[in-house]
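Data first, discussion second: the structure below is written as structure tokens.
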Amino acid sequence: MNKSIEEIAKVELHCHLDGSTSVELIRQLADEQGVNLDESKLFVSSQCDSLDDYLQCFDEILKVLQTKDSLKRAVVDVAKQAYNDNVKYIEIRFAPLFHMDQGLTMTEVLEAVELGVNEAVNTLGIGVNLLVCAMRQHHTEQNQTLFDFIHQHHHEAICGIDFAGPEVGFPTEAIEDTIKYGLDKGFNLTLHAGECGCMHNVIEGIKLGSKRIGHGVAINQDKQSLQFVKENDVLLEMCPKSNIQTKAITGLEALNLPYLLEQDIPFLINTDNRTVTQTSLNEEYTLLIENEMMTLEQVKYINERAVDYAFLSDEERKQLHLKM
């Protein structure tokens with residue numbers, strides 16, 4: 001295969017809206033809204049000590065994502081970045097409750113992001129869906145109310161739910177009832193797990209019914225756990241640069257990609273937060289290839305296979321396969 005990284009058709013399944021809104025748009029929104037922005041807080045620093053440290057960047061970005069207009073434009077902006085990476089389909093995740101600080105209602109937040117999806121699909125020709133993030137640290141009632149709302153007010157662009165937030169103090173068992181509640185509503189489920197060395201959070205998430213695991217790197221050196229992932233046909237959503245920055249891994253070799261490829265364990269490479277991490281999907285794959293973790297042929301293979309783990313209907317998957 002003579003294709004370059006740029007030419008390979010891709011899928012992205014783990015990308016946060018707030019953490020991926022471009023600096024250019026953030027600046028523009030801040031100017032329009034009269035928001036005093038500290039740009040040094042938009043990116044993770046080289047001195048980042050942990051996931052908690054990493055997450056502080058989002059407080060600054062969220063200041064300008066509190067209007068319907070800004071949310072719509074942010075979705076289009078992130079989709080454009082993915083389009084430039086030759087992504088044919090992306091699932092963008094966001095936490096609606098974090099966009100209501102200035103009075104937006106849940107209805108307005110969801111309408112805004114859906115308008116953004118429609119504009120991106122119609123102008124770019126890229127497939128875009130949304131994942132709604134519940135937060136591990138929020139009260140059970142708060143997350144259940146969120147699931148009730150998105151279930152009652154059907155939005156075609158919302159294809160599933162996610163659980164994000166700190167794992168330490170809020171293990172998978174602590175949110176088990178909320179997970180079951182979401183699954184009972186018929187939602188597709190992915191959840192952040194194994195980002196903080198908590199191997200059991202990954203296993204418990206799969207046992208509860210998660211179709212995909214966000215990050216999951218705590219299990220990457222454990223062959224028994226990896227076989228459990230394979231047996232349950234669960235895809236690991238990996239984000240290499242982000243995981244290095246948050247100290248989830250000490251280096252790329254900790255991802256154990258050659259073993260995963262050899263064992264045909266489902267995984268996909270993603271950006272996580274394009275702006276906070278200062279990355280693109282093409283850069284992520286280039287880093288892995290330069291470090292001899294993957295070949296171009298393997299990049300193509302995992303992206304084609306990832307279509308089967310996208311939260312799409314059978315017919316939509318069939319159409320997406322044709323674009324790969």
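Order determines the names: the first chain of the structure tokens is A, the second B, and so forth; residues in each chain are numbered 1 upward, and ligands are numbered 1 upward as they are shown.
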
Show me a table, sorted first by chain and then by increasing residue number, of the residues of region 26-98 of chain A having an atom at most 12 Å from region 104-115 of chain A, each with its shortest atom pair and the distance in Å to one decimal, counting only C-alpha atoms and written as CSV.
```
residue,atom,partner,partner_atom,distance
A:Leu65,CA,A:Val109,CA,10.0
A:Gln66,CA,A:Leu104,CA,7.1
A:Thr67,CA,A:Leu104,CA,6.9
A:Lys68,CA,A:Ala112,CA,4.9
A:Asp69,CA,A:Ala112,CA,6.9
A:Ser70,CA,A:Ala112,CA,8.4
A:Leu71,CA,A:Val113,CA,5.8
A:Lys72,CA,A:Ala112,CA,5.0
A:Arg73,CA,A:Val113,CA,8.4
A:Ala74,CA,A:Val113,CA,8.2
A:Val75,CA,A:Val113,CA,6.3
A:Val76,CA,A:Val113,CA,9.0
A:Asp77,CA,A:Val113,CA,11.5
A:Val78,CA,A:Val113,CA,11.5
A:Ala79,CA,A:Val113,CA,11.7
A:Ile92,CA,A:Val113,CA,10.0
A:Arg93,CA,A:Val113,CA,10.5
A:Phe94,CA,A:Val113,CA,9.4
A:Ala95,CA,A:Val109,CA,9.9
A:Pro96,CA,A:Val109,CA,6.5
A:Leu97,CA,A:Met106,CA,7.6
A:Phe98,CA,A:Val109,CA,9.8
```

Written selection (N, CA and C atoms) as a compact mmCIF listing (two decimals), in the first residue's frame:
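Wrote it out as out.txt, contents follow:
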```
# COMPACT_ATOMS: atom_id res chain seq x y z
N LEU A 65 -18.27 28.80 25.64
CA LEU A 65 -19.19 27.83 25.04
C LEU A 65 -20.49 27.76 25.84
N GLN A 66 -21.09 28.93 26.05
CA GLN A 66 -22.30 29.02 26.86
C GLN A 66 -23.47 29.65 26.09
N THR A 67 -23.36 29.72 24.77
CA THR A 67 -24.44 30.26 23.94
C THR A 67 -24.77 29.27 22.82
N LYS A 68 -25.97 29.39 22.29
CA LYS A 68 -26.39 28.50 21.20
C LYS A 68 -25.47 28.67 19.99
N ASP A 69 -25.14 29.93 19.68
CA ASP A 69 -24.29 30.22 18.52
C ASP A 69 -22.91 29.60 18.69
N SER A 70 -22.33 29.75 19.87
CA SER A 70 -20.97 29.23 20.08
C SER A 70 -20.94 27.71 20.03
N LEU A 71 -21.97 27.06 20.56
CA LEU A 71 -22.02 25.60 20.53
C LEU A 71 -22.17 25.07 19.11
N LYS A 72 -23.03 25.70 18.34
CA LYS A 72 -23.20 25.28 16.95
C LYS A 72 -21.89 25.42 16.18
N ARG A 73 -21.24 26.56 16.34
CA ARG A 73 -20.00 26.81 15.62
C ARG A 73 -18.88 25.89 16.08
N ALA A 74 -18.88 25.54 17.36
CA ALA A 74 -17.85 24.63 17.88
C ALA A 74 -17.97 23.25 17.25
N VAL A 75 -19.19 22.75 17.10
CA VAL A 75 -19.38 21.44 16.47
C VAL A 75 -18.86 21.46 15.04
N VAL A 76 -19.20 22.51 14.30
CA VAL A 76 -18.73 22.62 12.91
C VAL A 76 -17.21 22.71 12.87
N ASP A 77 -16.65 23.47 13.79
CA ASP A 77 -15.20 23.66 13.87
C ASP A 77 -14.47 22.33 14.10
N VAL A 78 -14.95 21.54 15.04
CA VAL A 78 -14.31 20.25 15.33
C VAL A 78 -14.47 19.30 14.15
N ALA A 79 -15.65 19.31 13.53
CA ALA A 79 -15.88 18.46 12.35
C ALA A 79 -14.94 18.84 11.21
N ILE A 92 -18.58 13.04 18.32
CA ILE A 92 -18.10 14.12 19.18
C ILE A 92 -18.86 14.06 20.50
N ARG A 93 -18.14 14.01 21.60
CA ARG A 93 -18.80 13.89 22.90
C ARG A 93 -18.76 15.21 23.66
N PHE A 94 -19.81 15.44 24.44
CA PHE A 94 -19.89 16.68 25.22
C PHE A 94 -20.80 16.45 26.42
N ALA A 95 -20.61 17.28 27.45
CA ALA A 95 -21.41 17.20 28.67
C ALA A 95 -22.37 18.38 28.69
N PRO A 96 -23.63 18.18 28.35
CA PRO A 96 -24.59 19.29 28.26
C PRO A 96 -24.65 20.16 29.51
N LEU A 97 -24.50 19.55 30.70
CA LEU A 97 -24.63 20.31 31.94
C LEU A 97 -23.53 21.35 32.12
N PHE A 98 -22.44 21.22 31.38
CA PHE A 98 -21.35 22.19 31.48
C PHE A 98 -21.55 23.41 30.59
```

Mind listing the strand (DSSP E or B) residues of region 79-296 of chain A, per DSSP on the backbone, as an MDAnalysis selection string?
chainID A and resid 87:94 127:135 158:164 189:193 212:215 235:238 267:269 272

Please list as a ChimeraX atom specification every residue within 12 Å of Asp177 (chain A), counting only C-alpha atoms and excluding residues in the same chain fewer than 3 positions away.
/A:136,139-141,143-144,172-174,180-184,205,208

Spatial neighbours of region 121-126 of chain A, max dist 8 Å, only C-alpha atoms, sep filter under 2 positions, as a PDB file with all heavy atoms, in the first residue's frame:
```pdb
ATOM      1  N   ALA A  79     -15.646  19.312  13.525  1.00  0.00           N
ATOM      2  CA  ALA A  79     -15.877  18.464  12.354  1.00  0.00           C
ATOM      3  C   ALA A  79     -14.938  18.843  11.210  1.00  0.00           C
ATOM      4  O   ALA A  79     -14.443  17.966  10.487  1.00  0.00           O
ATOM      5  CB  ALA A  79     -17.332  18.574  11.905  1.00  0.00           C
ATOM      6  N   LYS A  80     -14.672  20.128  11.052  1.00  0.00           N
ATOM      7  CA  LYS A  80     -13.743  20.576  10.003  1.00  0.00           C
ATOM      8  C   LYS A  80     -12.333  20.058  10.264  1.00  0.00           C
ATOM      9  O   LYS A  80     -11.624  19.651   9.332  1.00  0.00           O
ATOM     10  CB  LYS A  80     -13.715  22.112   9.935  1.00  0.00           C
ATOM     11  CG  LYS A  80     -14.894  22.717   9.202  1.00  0.00           C
ATOM     12  CD  LYS A  80     -14.781  24.233   9.146  1.00  0.00           C
ATOM     13  CE  LYS A  80     -15.954  24.844   8.399  1.00  0.00           C
ATOM     14  NZ  LYS A  80     -15.909  26.338   8.412  1.00  0.00           N
ATOM     15  N   TYR A  83     -12.359  16.501   9.334  1.00  0.00           N
ATOM     16  CA  TYR A  83     -12.405  16.425   7.874  1.00  0.00           C
ATOM     17  C   TYR A  83     -11.003  16.599   7.284  1.00  0.00           C
ATOM     18  O   TYR A  83     -10.616  15.891   6.347  1.00  0.00           O
ATOM     19  CB  TYR A  83     -13.354  17.499   7.338  1.00  0.00           C
ATOM     20  CG  TYR A  83     -13.416  17.603   5.838  1.00  0.00           C
ATOM     21  CD1 TYR A  83     -14.207  16.735   5.083  1.00  0.00           C
ATOM     22  CD2 TYR A  83     -12.683  18.584   5.166  1.00  0.00           C
ATOM     23  CE1 TYR A  83     -14.262  16.835   3.699  1.00  0.00           C
ATOM     24  CE2 TYR A  83     -12.730  18.693   3.789  1.00  0.00           C
ATOM     25  CZ  TYR A  83     -13.525  17.820   3.059  1.00  0.00           C
ATOM     26  OH  TYR A  83     -13.572  17.916   1.690  1.00  0.00           O
ATOM     27  N   VAL A  87     -11.101  12.148   8.089  1.00  0.00           N
ATOM     28  CA  VAL A  87     -12.049  11.366   8.889  1.00  0.00           C
ATOM     29  C   VAL A  87     -13.387  11.336   8.151  1.00  0.00           C
ATOM     30  O   VAL A  87     -13.920  12.378   7.773  1.00  0.00           O
ATOM     31  CB  VAL A  87     -12.224  11.977  10.300  1.00  0.00           C
ATOM     32  CG1 VAL A  87     -13.378  11.313  11.042  1.00  0.00           C
ATOM     33  CG2 VAL A  87     -10.929  11.844  11.087  1.00  0.00           C
ATOM     34  N   LYS A  88     -13.917  10.145   7.949  1.00  0.00           N
ATOM     35  CA  LYS A  88     -15.191   9.986   7.253  1.00  0.00           C
ATOM     36  C   LYS A  88     -16.371   9.997   8.223  1.00  0.00           C
ATOM     37  O   LYS A  88     -17.502  10.273   7.827  1.00  0.00           O
ATOM     38  CB  LYS A  88     -15.206   8.677   6.457  1.00  0.00           C
ATOM     39  CG  LYS A  88     -14.080   8.562   5.428  1.00  0.00           C
ATOM     40  CD  LYS A  88     -14.116   9.705   4.426  1.00  0.00           C
ATOM     41  CE  LYS A  88     -13.012   9.554   3.369  1.00  0.00           C
ATOM     42  NZ  LYS A  88     -12.968  10.730   2.454  1.00  0.00           N
ATOM     43  N   TYR A  89     -16.098   9.667   9.476  1.00  0.00           N
ATOM     44  CA  TYR A  89     -17.152   9.650  10.487  1.00  0.00           C
ATOM     45  C   TYR A  89     -16.535   9.937  11.842  1.00  0.00           C
ATOM     46  O   TYR A  89     -15.498   9.370  12.196  1.00  0.00           O
ATOM     47  CB  TYR A  89     -17.839   8.278  10.519  1.00  0.00           C
ATOM     48  CG  TYR A  89     -18.825   8.119  11.653  1.00  0.00           C
ATOM     49  CD1 TYR A  89     -20.086   8.713  11.596  1.00  0.00           C
ATOM     50  CD2 TYR A  89     -18.498   7.378  12.792  1.00  0.00           C
ATOM     51  CE1 TYR A  89     -20.992   8.570  12.647  1.00  0.00           C
ATOM     52  CE2 TYR A  89     -19.403   7.227  13.844  1.00  0.00           C
ATOM     53  CZ  TYR A  89     -20.642   7.826  13.755  1.00  0.00           C
ATOM     54  OH  TYR A  89     -21.538   7.679  14.796  1.00  0.00           O
ATOM     55  N   ILE A  90     -17.188  10.842  12.594  1.00  0.00           N
ATOM     56  CA  ILE A  90     -16.696  11.184  13.929  1.00  0.00           C
ATOM     57  C   ILE A  90     -17.858  11.228  14.911  1.00  0.00           C
ATOM     58  O   ILE A  90     -18.959  11.682  14.571  1.00  0.00           O
ATOM     59  CB  ILE A  90     -15.949  12.543  13.921  1.00  0.00           C
ATOM     60  CG1 ILE A  90     -15.381  12.846  15.326  1.00  0.00           C
ATOM     61  CG2 ILE A  90     -16.836  13.678  13.419  1.00  0.00           C
ATOM     62  CD1 ILE A  90     -14.448  14.047  15.368  1.00  0.00           C
ATOM     63  N   VAL A 117     -24.217  19.830  13.953  1.00  0.00           N
ATOM     64  CA  VAL A 117     -24.071  18.553  13.251  1.00  0.00           C
ATOM     65  C   VAL A 117     -24.649  18.649  11.848  1.00  0.00           C
ATOM     66  O   VAL A 117     -24.011  18.243  10.865  1.00  0.00           O
ATOM     67  CB  VAL A 117     -24.766  17.416  14.039  1.00  0.00           C
ATOM     68  CG1 VAL A 117     -24.873  16.156  13.178  1.00  0.00           C
ATOM     69  CG2 VAL A 117     -24.007  17.111  15.315  1.00  0.00           C
ATOM     70  N   ASN A 118     -25.847  19.199  11.735  1.00  0.00           N
ATOM     71  CA  ASN A 118     -26.495  19.295  10.428  1.00  0.00           C
ATOM     72  C   ASN A 118     -25.680  20.147   9.459  1.00  0.00           C
ATOM     73  O   ASN A 118     -25.536  19.802   8.282  1.00  0.00           O
ATOM     74  CB  ASN A 118     -27.907  19.881  10.581  1.00  0.00           C
ATOM     75  CG  ASN A 118     -28.845  18.932  11.309  1.00  0.00           C
ATOM     76  OD1 ASN A 118     -28.616  17.722  11.335  1.00  0.00           O
ATOM     77  ND2 ASN A 118     -29.889  19.468  11.914  1.00  0.00           N
ATOM     78  N   GLU A 119     -25.141  21.253   9.960  1.00  0.00           N
ATOM     79  CA  GLU A 119     -24.326  22.115   9.095  1.00  0.00           C
ATOM     80  C   GLU A 119     -23.046  21.404   8.655  1.00  0.00           C
ATOM     81  O   GLU A 119     -22.654  21.472   7.484  1.00  0.00           O
ATOM     82  CB  GLU A 119     -23.979  23.420   9.814  1.00  0.00           C
ATOM     83  CG  GLU A 119     -23.174  24.373   8.934  1.00  0.00           C
ATOM     84  CD  GLU A 119     -22.933  25.725   9.589  1.00  0.00           C
ATOM     85  OE1 GLU A 119     -23.819  26.200  10.323  1.00  0.00           O
ATOM     86  OE2 GLU A 119     -21.849  26.306   9.364  1.00  0.00           O
ATOM     87  N   VAL A 128     -21.275  12.780  11.169  1.00  0.00           N
ATOM     88  CA  VAL A 128     -21.078  13.300  12.521  1.00  0.00           C
ATOM     89  C   VAL A 128     -22.237  12.860  13.414  1.00  0.00           C
ATOM     90  O   VAL A 128     -23.403  13.012  13.040  1.00  0.00           O
ATOM     91  CB  VAL A 128     -21.008  14.846  12.551  1.00  0.00           C
ATOM     92  CG1 VAL A 128     -20.735  15.342  13.981  1.00  0.00           C
ATOM     93  CG2 VAL A 128     -19.956  15.370  11.593  1.00  0.00           C
TER      94      VAL A 128
END
```

Give the alpha helix (DSSP H) residues of region 83-250 of chain A, as assigned by DSSP on the backbone, as a ChimeraX atom specification.
/A:83-84,106-124,140-152,176-184,199-208,223-231,240-245

Determine, counting only C-alpha atoms, which protein, DNA and RNA residues have an atom within 9 Å of an atom of Ile213 (chain A); residues of the same chain fewer than 3 positions away are not included. Present the result as a PyMOL selection string.
chain A and resi 189-194+202+205-206+210+216+234-238

Restricting the output to all heavy atoms, write the selected residues as a CSV table (one decimal), in the first residue's frame.
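Produced file result33.csv, reproduced below:
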```
chain,number,residue,atom,x,y,z
A,189,LEU,N,-23.6,2.5,24.9
A,189,LEU,CA,-22.7,3.0,26.0
A,189,LEU,C,-21.3,2.8,25.7
A,189,LEU,O,-20.8,1.8,25.4
A,189,LEU,CB,-23.1,2.2,27.3
A,189,LEU,CG,-22.1,2.4,28.5
A,189,LEU,CD1,-22.3,3.8,29.1
A,189,LEU,CD2,-22.4,1.4,29.6
A,190,THR,N,-20.5,3.9,25.9
A,190,THR,CA,-19.1,3.9,26.1
A,190,THR,C,-18.8,4.6,27.4
A,190,THR,O,-19.6,5.4,27.8
A,190,THR,CB,-18.3,4.6,24.9
A,190,THR,OG1,-16.9,4.5,25.1
A,190,THR,CG2,-18.7,6.0,24.8
A,191,LEU,N,-17.6,4.3,28.0
A,191,LEU,CA,-17.3,5.0,29.2
A,191,LEU,C,-15.8,5.1,29.4
A,191,LEU,O,-15.1,4.2,29.0
A,191,LEU,CB,-18.0,4.5,30.5
A,191,LEU,CG,-17.4,3.2,31.1
A,191,LEU,CD1,-17.8,3.2,32.6
A,191,LEU,CD2,-18.0,2.0,30.4
A,192,HIS,N,-15.4,6.3,30.0
A,192,HIS,CA,-14.0,6.4,30.3
A,192,HIS,C,-13.6,5.5,31.5
A,192,HIS,O,-14.3,5.4,32.5
A,192,HIS,CB,-13.7,7.9,30.8
A,192,HIS,CG,-13.7,8.9,29.8
A,192,HIS,ND1,-14.9,9.2,29.1
A,192,HIS,CD2,-12.8,9.7,29.3
A,192,HIS,CE1,-14.6,10.2,28.2
A,192,HIS,NE2,-13.3,10.5,28.3
A,193,ALA,N,-12.6,4.7,31.3
A,193,ALA,CA,-12.2,3.8,32.3
A,193,ALA,C,-10.7,3.4,32.1
A,193,ALA,O,-10.2,3.3,31.0
A,193,ALA,CB,-13.1,2.5,32.3
A,194,GLY,N,-10.0,3.1,33.2
A,194,GLY,CA,-8.6,2.6,33.1
A,194,GLY,C,-7.7,3.7,32.7
A,194,GLY,O,-6.6,3.5,32.3
A,202,VAL,N,-12.3,-0.9,34.1
A,202,VAL,CA,-12.4,-1.4,32.7
A,202,VAL,C,-13.3,-2.7,32.7
A,202,VAL,O,-14.3,-2.8,31.9
A,202,VAL,CB,-11.1,-1.6,32.0
A,202,VAL,CG1,-11.3,-2.1,30.6
A,202,VAL,CG2,-10.3,-0.3,32.0
A,205,GLY,N,-16.9,-2.1,33.7
A,205,GLY,CA,-17.6,-1.4,32.7
A,205,GLY,C,-18.1,-2.4,31.6
A,205,GLY,O,-19.2,-2.3,31.1
A,206,ILE,N,-17.2,-3.3,31.2
A,206,ILE,CA,-17.5,-4.2,30.2
A,206,ILE,C,-18.6,-5.2,30.7
A,206,ILE,O,-19.6,-5.5,30.0
A,206,ILE,CB,-16.3,-5.0,29.7
A,206,ILE,CG1,-15.3,-4.1,29.0
A,206,ILE,CG2,-16.7,-6.2,28.8
A,206,ILE,CD1,-13.9,-4.7,28.7
A,210,SER,N,-20.8,-2.0,28.5
A,210,SER,CA,-20.2,-1.0,27.7
A,210,SER,C,-19.7,-1.7,26.4
A,210,SER,O,-19.0,-2.7,26.4
A,210,SER,CB,-19.1,-0.3,28.4
A,210,SER,OG,-18.6,0.8,27.7
A,216,GLY,N,-8.8,3.0,28.6
A,216,GLY,CA,-8.6,1.6,29.0
A,216,GLY,C,-7.2,1.2,29.2
A,216,GLY,O,-6.9,0.0,29.4
A,234,VAL,N,-15.3,-5.8,22.6
A,234,VAL,CA,-15.3,-4.4,23.0
A,234,VAL,C,-14.1,-3.7,22.4
A,234,VAL,O,-13.0,-4.2,22.3
A,234,VAL,CB,-15.2,-4.3,24.5
A,234,VAL,CG1,-15.0,-2.9,25.0
A,234,VAL,CG2,-16.5,-4.9,25.1
A,235,LEU,N,-14.3,-2.5,21.9
A,235,LEU,CA,-13.3,-1.7,21.3
A,235,LEU,C,-12.7,-0.7,22.3
A,235,LEU,O,-13.4,0.0,23.0
A,235,LEU,CB,-13.8,-0.9,20.1
A,235,LEU,CG,-12.7,-0.1,19.4
A,235,LEU,CD1,-12.7,-0.4,17.9
A,235,LEU,CD2,-13.0,1.4,19.6
A,236,LEU,N,-11.3,-0.6,22.4
A,236,LEU,CA,-10.6,0.3,23.2
A,236,LEU,C,-10.4,1.6,22.4
A,236,LEU,O,-9.8,1.6,21.3
A,236,LEU,CB,-9.3,-0.3,23.7
A,236,LEU,CG,-9.4,-1.6,24.5
A,236,LEU,CD1,-8.0,-2.1,24.7
A,236,LEU,CD2,-10.1,-1.4,25.8
A,237,GLU,N,-10.8,2.7,22.9
A,237,GLU,CA,-10.7,4.0,22.3
A,237,GLU,C,-9.4,4.6,22.9
A,237,GLU,O,-9.4,5.2,23.9
A,237,GLU,CB,-11.8,4.9,22.6
A,237,GLU,CG,-13.2,4.4,22.2
A,237,GLU,CD,-14.3,5.1,22.9
A,237,GLU,OE1,-14.1,5.9,23.8
A,237,GLU,OE2,-15.5,4.8,22.6
A,238,MET,N,-8.3,4.5,22.2
A,238,MET,CA,-7.0,5.0,22.7
A,238,MET,C,-6.6,6.4,22.2
A,238,MET,O,-6.9,6.7,21.1
A,238,MET,CB,-5.9,4.0,22.3
A,238,MET,CG,-6.0,2.6,22.9
A,238,MET,SD,-4.6,1.6,22.7
A,238,MET,CE,-5.2,0.1,23.3
```

Could you tell me which of A:Arg274, A:His154, A:His14, A:Lys63 comes closest to Ala310 (chain A) if we count only C-alpha atoms?
A:His14

Pick from A:Ala157, A:Met324, A:Ile219, A:Ile5, whichever lies nearest to Glu284 (chain A) using only C-alpha atoms:
A:Ile5

Between A:Leu25, A:Ile179, A:Ala218, A:Ala82, which has the minimum distance to Glu195 (chain A) (counting only C-alpha atoms)?
A:Ala218

Please provide the set of residues having any atom within 7 Å of Gly19 (chain A), restricted to only C-alpha atoms, with same-chain residues fewer than 5 positions apart removed, written as a PyMOL selection string.
chain A and resi 58+273-276
